[in-house]
Amino acid sequence: MNEQILIVEDSLSQRFFLEKVLTSEGFRVVSATNGKQALELLGQHKADLVLSDINMPEMGGIELTKSLKNNDTFKSIPVVLMTALNEPLEILQIIEAGADFLFLKEFEQGALSAFINDVLRNKSLVDQIRPKVILKSIYFGDERFLSTSDQQLLNLLLSTYRSALQAYQRYYHFKFEFNKLQKQLSHKNSTDINIDPTLLNSFISEFRTPLNNMLHLIDLLKTSNDQQEREIQAQLANINTDYLLTLLNDLQKAIDYQLKGELLPVSEIEFNLRDCIEDAVSPFVIKTGEKQIDLTVYIAPDLPFFIKSDPNYLKHLIFYVLDLIFLNLEKCSLLLEAIPAEEGQFQINFTFPKNEKLNAMFSTTNNHSPLAFFEYYRKNLKYKIQLKEAEADQQRIEVLVPFRKVEGRSEIQQSDLSNIRALICSDQWMSGLVLEELLKQWAMKVKVCNDLKKLDAFLLQAKQAGQPFQVLIFDARPNDDAHFELLKQIASSDQYPKPEIILLTNFGKPGDAKRSLESRIAAYLLKPVRSRELKKAIQAVLSKSKPDSGLVTRHSLKEAETPFRILVAEDNRVNQKLMLSVLKKSGFEVELATNGQEAVEMFKQKPFDLILMDMQMPVMDGYQATREIRRLETTRGSHTPIFALTASDDPKEIQGAIKAGMDMV
């Protein structure tokens, strides 16, 4: 089988799946992410069939089809448009564009293979020039005139019927599974059943972004020859893997509670608010580059570092809203800000350009709509969420989050960056403002340059004033390589002392790490950058303690960190071996206590970053050991997270662990 198929699909996971299905059937495959790229590829590769999505950035499937059918070289290539069959007018647009076939997006592997083989066997019918006729159609009250041929109409009619039949079969399959589930649930007491699919739907949709990221990173790792880039990509893969594992765990919990006819409970525990927000944002590092969205994260300095609330629910909400925005927007700026609100609440704002698709979603009420998801949070967590108009053609999703204060706990702000002179260069005023406020929290002396043309003058004036900048933080725009040449000129200039350059950029093109070294950049960090990561990068470049590669990156900062110290309190030998093996392989420094008394004694001797505490142990159980550790901490003024280890989901046991002072069960 020598036929070559051109796949045109912007979704990485869908494109990956289509490639795997077709190559496994013996077809040769080339892929494009939009119609414009597809036309460029057709100039280089022969294609026997084009299989295209309809909605894509830059040029969609309808526009691509028109271009192909109006080109003498390409018009005989069969074009198959993939559709969800959920837009009534879409079928008319497909006919008008001149597409030869359509195919349902939700498909089984065998159905696609059979369909493609049928199309290729009938390719001669597409090659024939057939007279076109003008047909009048009144469709949903709209009168239209369509130019088409009898063969095109027949092909589209048969492929539409085929897709409808496929959808009908899927419907009956799901109906059968649903009826089976209903019968299982009917054995329960009806008063105990309280099933709400909203949270499960949101968890399932959350898999898309980290999974797409993983597929993208796998492709990059296959082709990258640069060691530093491979290290950065591998670390991003770890971040997305960790998020997927957390999500799987949360989904399993939610399903377990649903099967019991209960909602996933809300757990009020202490946690670091900044870490929680930055963890939720981290899977979008890759998306910011793909969609050319400049994401700025601002966390007000007067917000408490530690609060009492449910961090998992908060993280899922932030991820859900960001995912919603990234699905519908591109080539724009997006601001996420966490600011104080009235007593017992803080507010998270997502500000972005006005978007009709998002407006439409906020007027739809079903289990998959944002309104259903937000209503779940309003009802079960007392959140207040609304979409509002903002200034200058902007919209804002505002989220009011209730929380309780944690008395006597704050982030220890020991900084060795006092009076360090830093220049921030950003032509995006909000990003520059956020960076300026962050650096001032570390007692640095900061100036901001919002005009790239004036950057050289800023550096020269600082030298003339006898206060040259020690650090230059350059905030690059998405998909713009011009900064490399500019920064190389600055690093080579002899007009002023050379500052250490830190480049903040979106996940970019292969070779960016190499270009950074060639431009004499000291640190290369991906946006949105974590505050701790930026602080460590500044400290690293100033101390001259650069890695062997010469470039400070997220990976090199991670490698230089002091190992995370974990105390495991567990009496079961099998569990001991398993936990020590897993944790040590993950790079943690682990020590073992075989009962609660040993755990307390070890805690007295040295500090730990985390304690994993079994509940039931000889000599002293986990409850007693936790209470004693919390008593010792009152004199130290510190707090070590303690996670309970238990196989029980008894609410009394969980509540008892929280009351004893454990942070998580």
# chains A, B, ... in the order shown; residues from 1 in each chain; ligands from 1
$ select_by_dssp --residues "segment 410-487 of chain A" --states "strand (DSSP E)" --output "number ranges by chain"
A: 421-425, 445-449, 471-475
$ write_last_selection --atoms "C-alpha atoms" --output "CSV table (one decimal), in the first residue's frame"
chain,number,residue,atom,x,y,z
A,421,ARG,CA,20.2,46.5,40.9
A,422,ALA,CA,18.0,44.9,38.3
A,423,LEU,CA,16.6,46.2,35.0
A,424,ILE,CA,13.4,44.6,33.7
A,425,CYS,CA,12.8,44.9,29.9
A,445,LYS,CA,16.5,48.0,43.4
A,446,VAL,CA,14.4,47.8,40.2
A,447,LYS,CA,13.9,49.8,37.0
A,448,VAL,CA,11.5,48.9,34.2
A,449,CYS,CA,12.1,49.6,30.5
A,471,VAL,CA,20.9,41.8,36.3
A,472,LEU,CA,18.9,42.3,33.1
A,473,ILE,CA,15.6,40.4,33.1
A,474,PHE,CA,14.3,40.3,29.5
A,475,ASP,CA,10.6,39.4,29.0
$ residues_around --residues "His483 of chain A" --least-positions-apart "6" --cutoff "12 Å" --atoms "only C-alpha atoms" --output "PyMOL selection string"
chain A and resi 425-427+452-453+455+473-477+489-490+501-505+512+515-516+519+521
$ residues_around --residues "segment 372-389 of chain A" --least-positions-apart "2" --cutoff "6 Å" --atoms "only C-alpha atoms" --output "JSON, numbers by chain"
{"A": [198, 367, 369, 370, 395, 396, 397, 398, 399, 400, 401]}
